[in-house]
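Only one structure is covered here, and it is reproduced in the block below.
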Amino acid sequence: MKARKRIALVAHDAMKPALVAWAARNREVLARHELWGTGTTGGKVAEGTGLEVKRLKSGPLGGDQQIGAMIAEGELDILVFFSDPLTAMPHDVDVKALLRISTLGQVVVACNAATADFVVASSLFDSDYTPQEFEAAHAG
Ligand SMILES: O=C(CO)COP(=O)(O)O
C-alpha cells in the first residue's frame, strides 16, 4: 500500500447519513487520498463534503460487484462499508461476496464509524505499509 490510499466508500440507505457525517469529519484526511464509491453513496458523500469521489454503479445494480472486482485486481486498499445490520437486502449475496473478497485481498475493512475512526487514526494510514511487508517483519 502506498501513502496515497485507494479508498472505497459504501453505505446502505439507513447508514448513508452516518457515512456522510464521518467523511465530513475526516474531510481533510480523505482529501489526500483517492476515493471511490457506489453510485448513490458516492454522490451523497461528494455532495455533502465537496470531496471528489469516483462513482461506480449503484450497489444493488452491480456497484458492490464492481468494487469486488477492483479488489480482486489489487486496485483498492481500504473499504469503508457502513452496512445496515437491521434490514434485509435484495442484493445480500453481493454484500457477502464483497466482504469475502475484501478478506481474501487483505483489504482494510471498516463497517462502522468506530472502526473507520481507528483506521484513519492509525500510524499505518499515512505510511507505505503493506500487509506482506508487515508479516515478513514480524514473522518468527
Ligand atoms: O447497496 C449498497 C451497498 O450494498 C450501496 O449502494 P448505493 O451507494 O448505490 O446506495
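Chain labels follow the order of the C-alpha cells: the first chain is A, the next B, and so on; residue numbering restarts at 1 in every chain, and ligands are counted from 1 in their shown order.
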Write out as a tab-separated table a residue-level contact list of chain A versus ligand 1 with cut-off 9 Å: for each qualifying residue the closest pair of atoms and the distance in Å to one decimal, counting only C-alpha atoms and all ligand atoms, rows sorted by chain and residue number upward.
```
residue	atom	partner	partner_atom_place_in_ligand_line	distance
A:Leu9	CA	ligand 1	8 (O)	8.2
A:Val10	CA	ligand 1	5 (C)	5.4
A:Ala11	CA	ligand 1	5 (C)	5.1
A:His12	CA	ligand 1	2 (C)	4.9
A:Asp13	CA	ligand 1	10 (O)	5.9
A:Lys16	CA	ligand 1	10 (O)	8.0
A:Gly37	CA	ligand 1	8 (O)	6.8
A:Thr38	CA	ligand 1	8 (O)	4.2
A:Gly39	CA	ligand 1	9 (O)	4.1
A:Thr40	CA	ligand 1	9 (O)	3.8
A:Thr41	CA	ligand 1	8 (O)	3.6
A:Gly42	CA	ligand 1	8 (O)	6.2
A:Gly43	CA	ligand 1	8 (O)	7.9
A:Lys44	CA	ligand 1	8 (O)	8.4
A:Arg55	CA	ligand 1	8 (O)	8.9
A:Leu56	CA	ligand 1	9 (O)	8.1
A:Lys57	CA	ligand 1	9 (O)	6.4
A:Ser58	CA	ligand 1	9 (O)	3.1
A:Gly59	CA	ligand 1	6 (O)	3.3
A:Pro60	CA	ligand 1	1 (O)	5.0
A:Leu61	CA	ligand 1	9 (O)	7.7
A:Gly62	CA	ligand 1	6 (O)	8.7
A:Gly63	CA	ligand 1	6 (O)	6.5
A:Asp64	CA	ligand 1	4 (O)	5.7
A:Phe81	CA	ligand 1	3 (C)	7.6
A:Phe82	CA	ligand 1	3 (C)	8.4
A:Ser83	CA	ligand 1	4 (O)	7.0
A:Asp84	CA	ligand 1	4 (O)	8.9
A:Met89	CA	ligand 1	4 (O)	7.9
A:His91	CA	ligand 1	4 (O)	6.9
A:Asp92	CA	ligand 1	4 (O)	7.4
A:Asp94	CA	ligand 1	4 (O)	7.0
A:Val95	CA	ligand 1	4 (O)	5.3
A:Leu98	CA	ligand 1	4 (O)	8.6
```
Using only C-alpha atoms, determine which residues lie at most 10 Å from region 102-104 of chain A, disregarding the query and same-chain residues fewer than 2 positions distant; provide the list as a count of residues only. 17
From region 24-62 of chain A, collect each residue whose DSSP state is strand (DSSP E) and return the set as a ChimeraX atom specification. /A:34-37,54-55
Please save N, CA and C atoms of the selected residues as an mmCIF file, in the first residue's frame.
```cif
data_model
loop_
_atom_site.group_PDB
_atom_site.id
_atom_site.type_symbol
_atom_site.label_atom_id
_atom_site.label_comp_id
_atom_site.auth_asym_id
_atom_site.auth_seq_id
_atom_site.Cartn_x
_atom_site.Cartn_y
_atom_site.Cartn_z
ATOM 1 N N GLU A 34 -7.414 8.712 -2.742
ATOM 2 C CA GLU A 34 -8.261 8.500 -3.932
ATOM 3 C C GLU A 34 -9.549 7.823 -3.482
ATOM 4 N N LEU A 35 -10.671 8.464 -3.752
ATOM 5 C CA LEU A 35 -11.943 7.959 -3.236
ATOM 6 C C LEU A 35 -12.819 7.382 -4.341
ATOM 7 N N TRP A 36 -13.364 6.220 -4.059
ATOM 8 C CA TRP A 36 -14.319 5.560 -4.933
ATOM 9 C C TRP A 36 -15.599 5.330 -4.138
ATOM 10 N N GLY A 37 -16.730 5.175 -4.833
ATOM 11 C CA GLY A 37 -17.954 4.883 -4.100
ATOM 12 C C GLY A 37 -18.970 4.206 -4.988
ATOM 13 N N LYS A 54 -14.996 9.059 -7.154
ATOM 14 C CA LYS A 54 -15.264 8.378 -8.427
ATOM 15 C C LYS A 54 -16.398 7.386 -8.199
ATOM 16 N N ARG A 55 -17.459 7.536 -9.000
ATOM 17 C CA ARG A 55 -18.670 6.758 -8.730
ATOM 18 C C ARG A 55 -18.818 5.561 -9.655
#
```
Sel. of alpha helix (DSSP H) residues, chain A, as an NGL selection string: :A and (16-25 or 27-30 or 39-49 or 63-72 or 92-104 or 113-121 or 131-138)
Near-His33 (chain A) list (10 Å; only C-alpha atoms; drop same-chain fewer than 5 positions) as a PyMOL selection string: chain A and resi 3-7+28+52+126
